[in-house]
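Undergrad: File name upload.txt; file contents compact mmCIF, C-alpha atoms and all ligand atoms; full text below.
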```
# COMPACT_ATOMS: atom_id res chain seq x y z
CA MET A 5 -8.72 13.20 -1.46
CA THR A 6 -8.01 15.78 1.24
CA VAL A 7 -8.22 15.14 4.98
CA GLY A 8 -8.69 18.32 7.01
CA ILE A 9 -7.12 18.41 10.45
CA LEU A 10 -7.89 20.85 13.28
CA GLY A 11 -4.60 21.42 15.09
CA ALA A 12 -1.22 21.04 13.42
CA GLY A 13 1.02 19.58 16.12
CA GLN A 14 3.12 16.45 16.00
CA LEU A 15 0.09 14.17 15.97
CA GLY A 16 -1.19 15.88 12.82
CA ARG A 17 2.28 15.70 11.32
CA MET A 18 2.45 11.94 11.91
CA LEU A 19 -1.07 11.51 10.49
CA ALA A 20 0.08 13.25 7.31
CA LEU A 21 3.26 11.16 7.16
CA ALA A 22 1.09 8.03 7.39
CA GLY A 23 -1.41 9.26 4.82
CA TYR A 24 0.84 10.35 1.96
CA PRO A 25 1.70 6.76 0.90
CA LEU A 26 -2.06 6.11 0.70
CA GLY A 27 -2.42 8.95 -1.80
CA LEU A 28 -4.07 11.34 0.63
CA ASP A 29 -3.60 15.10 0.84
CA PHE A 30 -3.88 17.14 4.02
CA LEU A 31 -4.98 20.61 5.02
CA PHE A 32 -4.44 21.89 8.57
CA LEU A 33 -5.89 24.70 10.61
CA ASP A 34 -3.96 26.00 13.60
CA LYS A 35 -3.63 29.19 15.65
CA GLU A 36 0.09 29.34 14.94
CA ALA A 37 2.32 29.28 11.87
CA GLY A 38 5.43 27.09 11.62
CA THR A 39 3.78 24.16 13.43
CA PRO A 40 5.11 20.59 13.10
CA ALA A 41 2.42 19.72 10.52
CA ALA A 42 2.67 23.01 8.60
CA GLN A 43 6.28 22.11 7.85
CA LEU A 44 5.03 19.40 5.50
CA ALA A 45 1.44 20.17 4.52
CA PRO A 46 -0.60 23.26 3.62
CA SER A 47 -1.96 24.99 6.69
CA LEU A 48 -4.53 27.70 7.36
CA VAL A 49 -3.42 29.96 10.19
CA GLY A 50 -5.89 31.72 12.46
CA SER A 51 -8.45 31.24 15.16
CA PHE A 52 -10.38 27.97 15.49
CA THR A 53 -13.47 30.14 15.77
CA ASP A 54 -12.96 32.11 12.54
CA PRO A 55 -15.97 31.08 10.40
CA ALA A 56 -14.22 31.92 7.11
CA LEU A 57 -11.30 29.61 7.93
CA LEU A 58 -13.62 26.85 9.14
CA ASP A 59 -15.65 27.18 5.93
CA GLU A 60 -12.52 26.93 3.83
CA LEU A 61 -11.29 23.86 5.75
CA ALA A 62 -14.69 22.18 5.37
CA ARG A 63 -15.00 23.08 1.68
CA ARG A 64 -11.57 21.71 0.78
CA SER A 65 -11.77 18.51 2.90
CA SER A 66 -13.61 15.23 2.29
CA VAL A 67 -13.46 14.54 6.02
CA VAL A 68 -12.17 16.55 8.98
CA THR A 69 -10.49 15.18 12.10
CA VAL A 70 -8.57 16.58 15.07
CA ASP A 71 -5.01 16.55 16.32
CA TRP A 72 -6.20 18.29 19.52
CA GLU A 73 -9.39 17.37 21.36
CA ASN A 74 -9.94 20.83 22.83
CA VAL A 75 -11.04 22.61 19.68
CA PRO A 76 -14.09 24.66 20.75
CA LEU A 77 -17.34 22.77 20.30
CA ALA A 78 -18.85 25.62 18.26
CA ALA A 79 -16.04 25.23 15.70
CA LEU A 80 -16.64 21.49 15.48
CA GLN A 81 -20.38 22.10 14.97
CA HIS A 82 -19.65 24.64 12.27
CA ILE A 83 -17.51 22.08 10.42
CA GLU A 84 -20.11 19.35 10.89
CA ALA A 85 -22.74 21.50 9.22
CA HIS A 86 -20.60 21.50 6.05
CA THR A 87 -18.68 18.22 5.87
CA ARG A 88 -18.09 14.91 7.62
CA ILE A 89 -16.18 15.07 10.90
CA ALA A 90 -14.72 12.22 12.96
CA PRO A 91 -14.50 11.35 15.82
CA PRO A 92 -18.10 12.17 16.80
CA LEU A 93 -18.64 15.51 18.51
CA ALA A 94 -20.18 13.89 21.59
CA ALA A 95 -16.92 12.00 22.21
CA LEU A 96 -14.84 15.15 21.77
CA ALA A 97 -17.14 17.17 24.04
CA THR A 98 -16.93 14.51 26.75
CA ALA A 99 -13.14 14.39 26.58
CA GLN A 100 -12.94 18.17 26.93
CA ASP A 101 -14.16 17.98 30.52
CA ARG A 102 -12.68 15.60 33.09
CA LEU A 103 -15.95 15.55 35.04
CA HIS A 104 -17.92 14.42 31.99
CA GLU A 105 -15.28 11.80 31.29
CA LYS A 106 -15.57 10.38 34.80
CA ALA A 107 -19.39 10.44 34.52
CA LEU A 108 -19.13 8.46 31.30
CA PHE A 109 -16.86 5.86 32.90
CA LYS A 110 -19.34 5.49 35.75
CA ALA A 111 -22.33 5.23 33.43
CA LEU A 112 -20.57 2.52 31.41
CA ARG A 113 -19.47 0.67 34.58
CA ILE A 114 -15.80 1.28 33.88
CA PRO A 115 -14.02 1.46 37.24
CA THR A 116 -12.59 4.89 38.04
CA ASN A 117 -11.38 6.63 41.20
CA ALA A 118 -13.60 8.59 43.58
CA HIS A 119 -14.00 12.19 42.48
CA ALA A 120 -16.07 15.35 42.95
CA ALA A 121 -16.59 18.62 41.11
CA VAL A 122 -15.08 21.59 42.94
CA ASP A 123 -16.10 25.20 42.33
CA SER A 124 -15.12 26.91 45.57
CA LEU A 125 -12.73 26.57 48.49
CA ALA A 126 -15.65 25.35 50.62
CA GLY A 127 -16.38 22.79 47.88
CA LEU A 128 -12.77 21.63 48.00
CA HIS A 129 -12.99 21.13 51.78
CA ALA A 130 -16.22 19.18 51.31
CA ALA A 131 -14.66 17.00 48.59
CA ILE A 132 -11.66 16.25 50.82
CA ALA A 133 -13.98 15.43 53.72
CA SER A 134 -15.73 12.80 51.61
CA ILE A 135 -12.86 11.48 49.44
CA GLY A 136 -9.94 11.98 51.83
CA LEU A 137 -6.26 12.75 51.39
CA PRO A 138 -4.07 12.28 49.45
CA GLY A 139 -5.87 13.49 46.36
CA VAL A 140 -5.31 15.36 43.13
CA LEU A 141 -6.96 18.67 42.26
CA LYS A 142 -7.25 19.07 38.48
CA THR A 143 -8.68 21.66 36.13
CA ARG A 144 -11.70 20.14 34.39
CA ARG A 145 -10.66 21.62 31.06
CA LEU A 146 -7.45 22.07 29.08
CA GLY A 147 -5.06 20.23 31.39
CA TYR A 148 -2.36 18.15 29.72
CA ASP A 149 0.98 16.56 30.55
CA GLY A 150 0.41 17.06 34.27
CA LYS A 151 -0.32 20.78 33.81
CA GLY A 152 -3.30 22.20 35.69
CA GLN A 153 -3.07 19.75 38.57
CA ALA A 154 -1.78 19.62 42.13
CA VAL A 155 -1.30 16.71 44.50
CA LEU A 156 -2.66 17.31 48.00
CA ARG A 157 -1.01 15.20 50.66
CA SER A 158 -1.94 17.03 53.86
CA PRO A 159 -4.37 19.78 54.96
CA ALA A 160 -1.48 22.24 54.65
CA ASP A 161 -1.58 21.75 50.84
CA ILE A 162 -5.22 22.82 50.47
CA GLU A 163 -4.73 26.60 50.37
CA THR A 164 -1.67 26.37 48.08
CA ALA A 165 -3.50 24.15 45.59
CA TRP A 166 -6.55 26.43 45.70
CA ASP A 167 -4.40 29.54 45.14
CA ALA A 168 -2.74 27.87 42.15
CA LEU A 169 -5.88 26.48 40.48
CA GLY A 170 -8.98 28.12 41.99
CA GLY A 171 -11.34 30.34 40.01
CA GLN A 172 -12.12 27.79 37.28
CA PRO A 173 -14.11 24.54 37.24
CA LEU A 174 -12.07 21.87 39.06
CA LEU A 175 -12.20 18.19 39.90
CA TYR A 176 -10.88 16.67 43.10
CA GLU A 177 -10.05 12.98 42.86
CA GLN A 178 -8.60 10.27 45.00
CA PHE A 179 -4.85 9.78 44.63
CA VAL A 180 -4.27 6.25 43.30
CA PRO A 181 -1.13 4.54 44.68
CA PHE A 182 -0.90 2.57 41.45
CA ASP A 183 1.47 -0.31 40.74
CA TYR A 184 1.88 0.89 37.18
CA GLU A 185 0.10 2.67 34.32
CA VAL A 186 -1.18 1.27 31.03
CA SER A 187 -3.13 2.48 28.04
CA LEU A 188 -5.12 0.71 25.38
CA ILE A 189 -5.71 2.08 21.89
CA GLY A 190 -8.77 1.07 19.91
CA VAL A 191 -9.86 1.89 16.40
CA ARG A 192 -13.40 1.70 15.03
CA ARG A 193 -15.00 2.11 11.63
CA PRO A 194 -18.46 3.60 11.02
CA GLY A 195 -20.08 0.16 10.67
CA GLY A 196 -18.65 -0.98 14.00
CA GLN A 197 -15.56 -2.91 12.88
CA PHE A 198 -13.25 -2.68 15.89
CA ALA A 199 -9.62 -3.52 16.51
CA SER A 200 -7.27 -2.81 19.38
CA TYR A 201 -3.53 -2.56 19.73
CA PRO A 202 -1.57 -4.58 22.27
CA LEU A 203 -1.52 -3.12 25.79
CA ASN A 204 0.99 -0.30 26.46
CA ARG A 205 2.82 0.06 29.77
CA ASN A 206 3.55 3.73 30.36
CA LEU A 207 5.99 5.50 32.63
CA HIS A 208 5.21 9.15 33.39
CA ARG A 209 7.64 11.55 35.06
CA ASN A 210 6.27 14.80 36.47
CA GLY A 211 2.99 14.02 34.75
CA VAL A 212 4.59 13.68 31.30
CA LEU A 213 4.92 10.40 29.40
CA GLN A 214 8.57 9.37 29.31
CA LEU A 215 8.52 5.74 28.17
CA THR A 216 6.05 3.31 26.61
CA ARG A 217 6.74 -0.41 26.34
CA ALA A 218 4.53 -2.61 24.20
CA PRO A 219 3.20 -5.21 23.97
CA TRP A 220 2.88 -5.42 27.77
CA LYS A 221 1.91 -9.02 28.43
CA ALA A 222 -0.86 -8.95 31.03
CA PRO A 223 -3.65 -10.92 29.33
CA LEU A 224 -6.40 -10.39 31.91
CA ILE A 225 -5.70 -6.67 32.22
CA GLU A 226 -5.50 -6.31 28.46
CA ALA A 227 -8.81 -8.13 27.95
CA ALA A 228 -10.53 -5.88 30.51
CA ALA A 229 -9.01 -2.71 29.02
CA ARG A 230 -10.10 -3.81 25.56
CA ARG A 231 -13.68 -4.35 26.78
CA HIS A 232 -13.71 -0.90 28.38
CA VAL A 233 -12.37 0.82 25.26
CA LYS A 234 -14.82 -1.01 23.04
CA ARG A 235 -17.73 -0.10 25.31
CA VAL A 236 -16.83 3.60 25.11
CA MET A 237 -16.42 3.43 21.35
CA ASP A 238 -19.69 1.58 20.81
CA HIS A 239 -21.47 4.03 23.11
CA PHE A 240 -20.52 6.95 20.85
CA GLY A 241 -20.76 5.06 17.53
CA TYR A 242 -17.14 6.16 17.47
CA VAL A 243 -15.08 6.55 14.29
CA GLY A 244 -11.28 6.73 14.44
CA VAL A 245 -8.71 5.97 17.13
CA LEU A 246 -9.46 6.36 20.85
CA THR A 247 -7.18 5.73 23.83
CA ILE A 248 -7.94 5.15 27.48
CA GLU A 249 -5.24 5.54 30.13
CA PHE A 250 -5.58 3.38 33.24
CA PHE A 251 -3.89 2.95 36.58
CA VAL A 252 -3.25 -0.68 37.57
CA ARG A 253 -3.53 -1.48 41.26
CA ARG A 254 -3.52 -5.04 42.61
CA GLY A 255 -4.35 -6.39 39.18
CA GLN A 256 -7.38 -4.11 38.73
CA LEU A 257 -7.83 -1.32 36.20
CA ILE A 258 -8.86 2.19 37.26
CA ALA A 259 -9.65 4.47 34.31
CA ASN A 260 -7.79 7.77 34.50
CA GLU A 261 -8.69 9.54 31.27
CA MET A 262 -9.53 9.07 27.61
CA ALA A 263 -8.13 10.71 24.49
CA PRO A 264 -10.40 10.79 21.41
CA ARG A 265 -7.45 10.76 19.01
CA VAL A 266 -4.15 9.14 18.21
CA HIS A 267 -2.04 9.01 21.37
CA ASN A 268 1.56 9.44 22.46
CA SER A 269 1.55 5.92 23.94
CA GLY A 270 0.88 4.60 20.41
CA HIS A 271 3.85 6.18 18.66
CA TRP A 272 5.70 2.85 18.80
CA THR A 273 3.14 1.45 16.32
CA ILE A 274 4.81 3.38 13.47
CA GLU A 275 7.69 0.91 13.38
CA GLY A 276 6.48 -1.69 15.88
CA ALA A 277 3.05 -2.73 14.58
CA VAL A 278 1.82 -4.03 11.24
CA THR A 279 -0.28 -0.88 10.76
CA SER A 280 0.39 2.29 12.72
CA GLN A 281 -2.26 4.02 14.84
CA PHE A 282 -1.96 6.99 12.45
CA GLU A 283 -2.72 4.96 9.34
CA ASN A 284 -5.56 3.15 11.09
CA HIS A 285 -7.10 6.43 12.25
CA LEU A 286 -7.13 7.58 8.62
CA ARG A 287 -8.49 4.26 7.38
CA ALA A 288 -11.28 4.43 9.98
CA ILE A 289 -12.36 8.00 9.25
CA LEU A 290 -12.36 7.26 5.50
CA ASP A 291 -14.29 4.02 6.15
CA TRP A 292 -11.55 1.95 4.58
CA PRO A 293 -10.70 -1.58 5.83
CA LEU A 294 -8.64 -1.43 9.03
CA GLY A 295 -5.04 -2.63 8.99
CA GLN A 296 -3.73 -5.31 11.30
CA THR A 297 -2.78 -4.08 14.75
CA GLN A 298 -0.38 -6.85 15.80
CA ALA A 299 3.04 -5.94 17.17
CA LYS A 300 6.03 -6.93 15.06
CA GLY A 301 8.30 -7.40 18.08
CA HIS A 302 8.83 -5.78 21.46
CA SER A 303 9.02 -2.00 21.24
CA ALA A 304 10.06 0.85 23.49
CA MET A 305 9.19 4.47 22.73
CA ILE A 306 11.03 7.24 24.56
CA ASN A 307 9.90 10.86 24.47
CA LEU A 308 12.52 13.55 23.88
CA LEU A 309 11.53 16.37 26.20
CA GLY A 310 12.70 19.96 26.57
CA GLN A 311 15.81 19.82 24.47
CA MET A 312 16.90 17.58 21.58
CA PRO A 313 19.80 15.33 22.54
CA ASP A 314 22.77 14.74 20.23
CA THR A 315 20.86 13.00 17.46
CA ALA A 316 23.99 11.69 15.68
CA SER A 317 24.94 9.65 18.73
CA LEU A 318 21.39 8.23 18.91
CA LEU A 319 21.33 7.37 15.23
CA ALA A 320 24.67 5.58 15.65
CA GLN A 321 22.80 3.01 17.77
CA PRO A 322 21.51 0.08 15.73
CA GLY A 323 17.78 0.03 15.01
CA VAL A 324 16.95 3.39 16.57
CA PHE A 325 14.15 5.27 14.82
CA LEU A 326 14.27 9.01 15.48
CA HIS A 327 11.30 11.34 15.08
CA ASP A 328 12.03 15.07 15.35
CA TYR A 329 8.83 17.14 15.33
CA GLY A 330 10.59 20.33 14.25
CA LYS A 331 9.57 22.27 17.38
CA GLN A 332 11.41 24.99 19.25
CA PRO A 333 12.94 23.75 22.53
CA ARG A 334 11.14 24.72 25.73
CA PRO A 335 11.45 23.10 29.18
CA GLY A 336 9.42 19.89 29.30
CA ARG A 337 8.10 20.27 25.74
CA LYS A 338 7.67 17.14 23.61
CA LEU A 339 10.17 17.69 20.80
CA GLY A 340 10.45 14.19 19.38
CA HIS A 341 10.65 10.52 20.22
CA LEU A 342 12.75 7.40 19.71
CA THR A 343 11.55 3.89 19.04
CA VAL A 344 13.45 0.61 19.19
CA THR A 345 12.00 -2.80 18.43
CA GLU A 346 13.65 -5.96 19.70
CA SER A 347 12.85 -9.66 19.49
CA THR A 348 12.35 -10.17 23.24
CA ALA A 349 10.91 -8.04 26.05
CA ARG A 350 14.13 -8.39 28.03
CA GLN A 351 16.24 -7.17 25.14
CA ARG A 352 13.81 -4.28 24.62
CA ASP A 353 14.10 -3.23 28.27
CA LEU A 354 17.91 -3.30 28.08
CA ARG A 355 17.78 -1.10 24.96
CA ALA A 356 15.32 1.28 26.59
CA ASN A 357 17.61 1.69 29.60
CA ALA A 358 20.67 2.28 27.41
CA LEU A 359 18.79 4.97 25.47
CA LEU A 360 17.39 6.61 28.61
CA ARG A 361 20.94 6.78 30.00
CA ARG A 362 22.20 8.27 26.75
CA ILE A 363 19.62 11.09 26.83
CA GLY A 364 20.34 11.77 30.51
CA SER A 365 17.04 10.43 31.89
CA PRO A 366 16.63 8.14 34.91
CA THR A 367 16.51 4.49 33.87
CA LEU A 368 13.81 1.91 34.63
P1 LIG B 401 -3.39 13.10 33.68
O1 LIG B 401 -3.16 14.42 33.03
O2 LIG B 401 -4.66 13.02 34.46
O3 LIG B 401 -3.22 11.94 32.74
O4 LIG B 401 -2.20 12.93 34.74
C1 LIG B 401 -0.86 12.79 34.34
C2 LIG B 401 -0.17 11.76 35.23
O5 LIG B 401 -0.20 12.19 36.61
C3 LIG B 401 -0.81 10.40 35.25
O6 LIG B 401 -0.42 9.63 34.14
C4 LIG B 401 -0.28 9.86 36.58
O7 LIG B 401 1.04 9.44 36.47
C5 LIG B 401 -0.37 11.07 37.48
N1 LIG B 401 -1.71 11.13 38.11
C6 LIG B 401 -2.78 11.81 37.67
N2 LIG B 401 -3.86 11.61 38.46
C7 LIG B 401 -3.46 10.76 39.44
C8 LIG B 401 -4.12 10.18 40.55
N3 LIG B 401 -5.40 10.41 40.83
N4 LIG B 401 -3.39 9.32 41.35
C9 LIG B 401 -2.09 9.08 41.08
N5 LIG B 401 -1.42 9.62 40.05
C10 LIG B 401 -2.08 10.46 39.23
```
Translate this structure into structure tokens?
Ligand code: AMP

TA:
Amino acid sequence: MTVGILGAGQLGRMLALAGYPLGLDFLFLDKEAGTPAAQLAPSLVGSFTDPALLDELARRSSVVTVDWENVPLAALQHIEAHTRIAPPLAALATAQDRLHEKALFKALRIPTNAHAAVDSLAGLHAAIASIGLPGVLKTRRLGYDGKGQAVLRSPADIETAWDALGGQPLLYEQFVPFDYEVSLIGVRRPGGQFASYPLNRNLHRNGVLQLTRAPWKAPLIEAAARRHVKRVMDHFGYVGVLTIEFFVRRGQLIANEMAPRVHNSGHWTIEGAVTSQFENHLRAILDWPLGQTQAKGHSAMINLLGQMPDTASLLAQPGVFLHDYGKQPRPGRKLGHLTVTESTARQRDLRANALLRRIGSPTL
């Protein structure tokens, strides 16, 4: 059985790596050749809007899913007319626009920060007048890893942020002086069977995820996050894996954004959970029984950004799992990750710090 995947980045690659033992085949479609997933599975190369390529992907696949949530809606609709696609298009469309995402959180009574759509400099001034400073100006579409956003701390920052980002639909939102960040990953089958992974605590640097530690033991926060994720998934009749990222401030969750796909903060589940997020996404979209989501210990996942470190010295450390996505180095680019799993949270944190030091990153 062939699973078609739109986008052939590292998430697609890890989906394929999880699916081969289950007897699945994969076919990717991506704009570029030589992608992380194309290094191990057949890949169609060309535009996401090329009807011939979309037809071929649909014809050869029992089900189609995404490695990237920003595939144009028209392409997703084209696929849906010919074969099954998961997650549902409504969820993908919502996640493509930060304003729609915030509106969804509000409609489902999931706490989120104050925000306003901004389409002009006058609109930005009005948003700041009502929401205040500091705040963050973000592109509504296609932002990732802190790209397409600017923090505004004083009125002097307004013009600079507008010059950098103006001319496209924007969102201005309240800056959240959070205590820390978490994410929760849920998985849902067509009939509604739902499971969630233990809570992740995430550390971002310059808007990019650097470190995830899981399970993060905060039972009340985890229960609330799980309710929020389940509410979003039930709302869409969702199929597959979905992640919501939250700020935590004074013990309360504030939803930041959602990702209708497997997520970087769940990479630790490959070695650190009974069933990985990748395998469970495949099980869900194929309507197979979900695997257990329990953690097998205390894991830390560290992203390798910009340049691969000396991998031999990392592999010389006991129990280090290295994932190299086969990408060309570029400043800030996610090239791979490391996971360690320990028997206690304290031991895990010590290992995480030792590894961060070894790759030249600031420690916890
Ligand atoms: P995003 O692309 O929205 O997930 O933003 C990337 C990271 O930037 C987040 O994980 C936070 O660390 C930081 N960030 C984004 N928005 C805010 C905000 N409103 N207040 C504080 N930090 C933010």

Undergrad: Could you list, as a PyMOL selection string, all residues that come within 8 Å of ligand LIG 401 (chain B)? Count only C-alpha atoms and all ligand atoms.

TA: chain A and resi 117+139-140+142+147-151+153+177-182+185+207-213+249+251+260-261

Undergrad: Could the residues in this selection be saved with C-alpha atoms as an mmCIF file, in the frame of the given file?

TA:
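For reference, result04.cif as written:
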```
data_model
loop_
_atom_site.group_PDB
_atom_site.id
_atom_site.type_symbol
_atom_site.label_atom_id
_atom_site.label_comp_id
_atom_site.auth_asym_id
_atom_site.auth_seq_id
_atom_site.Cartn_x
_atom_site.Cartn_y
_atom_site.Cartn_z
ATOM 1 C CA ASN A 117 -11.380 6.630 41.200
ATOM 2 C CA GLY A 139 -5.870 13.490 46.360
ATOM 3 C CA VAL A 140 -5.310 15.360 43.130
ATOM 4 C CA LYS A 142 -7.250 19.070 38.480
ATOM 5 C CA GLY A 147 -5.060 20.230 31.390
ATOM 6 C CA TYR A 148 -2.360 18.150 29.720
ATOM 7 C CA ASP A 149 0.980 16.560 30.550
ATOM 8 C CA GLY A 150 0.410 17.060 34.270
ATOM 9 C CA LYS A 151 -0.320 20.780 33.810
ATOM 10 C CA GLN A 153 -3.070 19.750 38.570
ATOM 11 C CA GLU A 177 -10.050 12.980 42.860
ATOM 12 C CA GLN A 178 -8.600 10.270 45.000
ATOM 13 C CA PHE A 179 -4.850 9.780 44.630
ATOM 14 C CA VAL A 180 -4.270 6.250 43.300
ATOM 15 C CA PRO A 181 -1.130 4.540 44.680
ATOM 16 C CA PHE A 182 -0.900 2.570 41.450
ATOM 17 C CA GLU A 185 0.100 2.670 34.320
ATOM 18 C CA LEU A 207 5.990 5.500 32.630
ATOM 19 C CA HIS A 208 5.210 9.150 33.390
ATOM 20 C CA ARG A 209 7.640 11.550 35.060
ATOM 21 C CA ASN A 210 6.270 14.800 36.470
ATOM 22 C CA GLY A 211 2.990 14.020 34.750
ATOM 23 C CA VAL A 212 4.590 13.680 31.300
ATOM 24 C CA LEU A 213 4.920 10.400 29.400
ATOM 25 C CA GLU A 249 -5.240 5.540 30.130
ATOM 26 C CA PHE A 251 -3.890 2.950 36.580
ATOM 27 C CA ASN A 260 -7.790 7.770 34.500
ATOM 28 C CA GLU A 261 -8.690 9.540 31.270
#
```

Undergrad: Taking (-7.2, 23.4, 50.0) in the file's own coordinates, collect the residues within 10 Å, counting all atoms listed in the file, and hand them back as a PyMOL selection string.

TA: chain A and resi 124-129+131-132+141+156+158-167+170

Undergrad: Go ahead and write the residues just picked, C-alpha atoms, as a PDB file, in the coordinates of the input.

TA:
```
ATOM      1  CA  SER A 124     -15.120  26.910  45.570  1.00  0.00           C
ATOM      2  CA  LEU A 125     -12.730  26.570  48.490  1.00  0.00           C
ATOM      3  CA  ALA A 126     -15.650  25.350  50.620  1.00  0.00           C
ATOM      4  CA  GLY A 127     -16.380  22.790  47.880  1.00  0.00           C
ATOM      5  CA  LEU A 128     -12.770  21.630  48.000  1.00  0.00           C
ATOM      6  CA  HIS A 129     -12.990  21.130  51.780  1.00  0.00           C
ATOM      7  CA  ALA A 131     -14.660  17.000  48.590  1.00  0.00           C
ATOM      8  CA  ILE A 132     -11.660  16.250  50.820  1.00  0.00           C
ATOM      9  CA  LEU A 141      -6.960  18.670  42.260  1.00  0.00           C
ATOM     10  CA  LEU A 156      -2.660  17.310  48.000  1.00  0.00           C
ATOM     11  CA  SER A 158      -1.940  17.030  53.860  1.00  0.00           C
ATOM     12  CA  PRO A 159      -4.370  19.780  54.960  1.00  0.00           C
ATOM     13  CA  ALA A 160      -1.480  22.240  54.650  1.00  0.00           C
ATOM     14  CA  ASP A 161      -1.580  21.750  50.840  1.00  0.00           C
ATOM     15  CA  ILE A 162      -5.220  22.820  50.470  1.00  0.00           C
ATOM     16  CA  GLU A 163      -4.730  26.600  50.370  1.00  0.00           C
ATOM     17  CA  THR A 164      -1.670  26.370  48.080  1.00  0.00           C
ATOM     18  CA  ALA A 165      -3.500  24.150  45.590  1.00  0.00           C
ATOM     19  CA  TRP A 166      -6.550  26.430  45.700  1.00  0.00           C
ATOM     20  CA  ASP A 167      -4.400  29.540  45.140  1.00  0.00           C
ATOM     21  CA  GLY A 170      -8.980  28.120  41.990  1.00  0.00           C
TER      22      GLY A 170
END
```

Undergrad: List the spatial neighbours of region 230-239 of chain A as a ChimeraX atom specification - criterion: any atom at most 9 Å away, all atoms listed in the file, same-chain residues fewer than 5 positions off excluded.

TA: /A:95,108-109,112-114,188-192,196,198-201,203,225,246-248,259

Undergrad: Quick one: of A:Val278, A:Leu319, A:Ala62, A:Leu286, who's nearest to Gly27 (chain A), counting all atoms listed in the file?

TA: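 Nearest candidate to Gly27 (chain A) out of A:Val278, A:Leu319, A:Ala62, A:Leu286: A:Leu286.
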
Undergrad: Would you compute the distance between CA of Pro173 (chain A) and CA of Ala107 (chain A)? Give it in Å to one decimal.

TA: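 So the two atoms, CA of Pro173 (chain A) and CA of Ala107 (chain A), lie 15.3 Å apart.
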
Undergrad: For Arg64 (chain A), which residue among A:Phe282, A:Tyr24, A:Tyr176, A:Phe30 is the nearest when counting all atoms listed in the file?

TA: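 Result for the nearest residue to Arg64 (chain A): A:Phe30.
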
Undergrad: CA of Leu294 (chain A) and CA of Pro25 (chain A), how far apart in Å?

TA: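 Distance reported for this atom pair: 15.5 Å.
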
Undergrad: Any idea what's packed within 10 Å of Leu290 (chain A), counting only C-alpha atoms, ignoring anything in its chain fewer than 5 positions away? Could you give it as JSON, numbers by chain?

TA: {"A": [5, 7, 66, 67, 68, 88, 90, 193, 194, 243, 244, 284, 285]}

Undergrad: I'd like the neighbourhood of Asp34 (chain A) as a list in words, where a residue qualifies if any of its atoms comes within 8 Å (using all atoms listed in the file), though same-chain residues fewer than 5 positions away should be ignored.

TA: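 The residues that qualify are Leu10, Gly11, Ala12, Thr39, Ser47, Leu48, Val49, Gly50, Ser51 and Phe52 of chain A.
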
Undergrad: Could the residues in this selection be written to a file with C-alpha atoms, as a PDB file, in the coordinates of the input?

TA:
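Saved to again-v4.pdb:
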```pdb
ATOM      1  CA  LEU A  10      -7.890  20.850  13.280  1.00  0.00           C
ATOM      2  CA  GLY A  11      -4.600  21.420  15.090  1.00  0.00           C
ATOM      3  CA  ALA A  12      -1.220  21.040  13.420  1.00  0.00           C
ATOM      4  CA  THR A  39       3.780  24.160  13.430  1.00  0.00           C
ATOM      5  CA  SER A  47      -1.960  24.990   6.690  1.00  0.00           C
ATOM      6  CA  LEU A  48      -4.530  27.700   7.360  1.00  0.00           C
ATOM      7  CA  VAL A  49      -3.420  29.960  10.190  1.00  0.00           C
ATOM      8  CA  GLY A  50      -5.890  31.720  12.460  1.00  0.00           C
ATOM      9  CA  SER A  51      -8.450  31.240  15.160  1.00  0.00           C
ATOM     10  CA  PHE A  52     -10.380  27.970  15.490  1.00  0.00           C
TER      11      PHE A  52
END
```

Undergrad: Select, from A:Phe32, A:Pro202, A:Ala121, A:Val155, the residue with the minimum atom-to-atom distance to Gln172 (chain A), counting only C-alpha atoms.

TA: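 Smallest separation from Gln172 (chain A) among the options: A:Ala121.
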
Undergrad: Pick from A:Leu339, A:Pro313, A:Val245, A:Ser347: nearest to Leu359 (chain A), with all atoms listed in the file counted?

TA: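 Residue with the minimum atom-to-atom distance to Leu359 (chain A): A:Pro313.
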
Undergrad: Looking at all atoms listed in the file, which of A:Val122, A:Leu77, A:Leu137, A:Leu146 is the one that sits closest to Leu175 (chain A)?

TA: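 Closest residue, counting all atoms listed in the file: A:Val122.
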
Undergrad: I need the residue nearest Arg337 (chain A) from this list: A:Gln14, A:Ser134, A:Thr116, A:Leu31. Use all atoms listed in the file for the distance.

TA: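 When distances to Arg337 (chain A) are compared using all atoms listed in the file, the smallest one comes from A:Gln14.
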
Undergrad: For CA of Asn307 (chain A) and CA of Gln214 (chain A), determine how far apart the two atoms are, in Å to one decimal place.

TA: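 A separation of 5.2 Å between them.
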
Undergrad: Please return as a list in words every residue within 8 Å of (14.7, 7.1, 29.0), taking into account all atoms listed in the file and the file's own coordinates.

TA: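 I get Gln214, Leu215, Ile306, Asn307, Ala356, Asn357, Ala358, Leu359, Leu360, Arg361, Arg362, Ile363, Gly364, Ser365, Pro366, Thr367 and Leu368 of chain A for the residues within 8 Å of that point.
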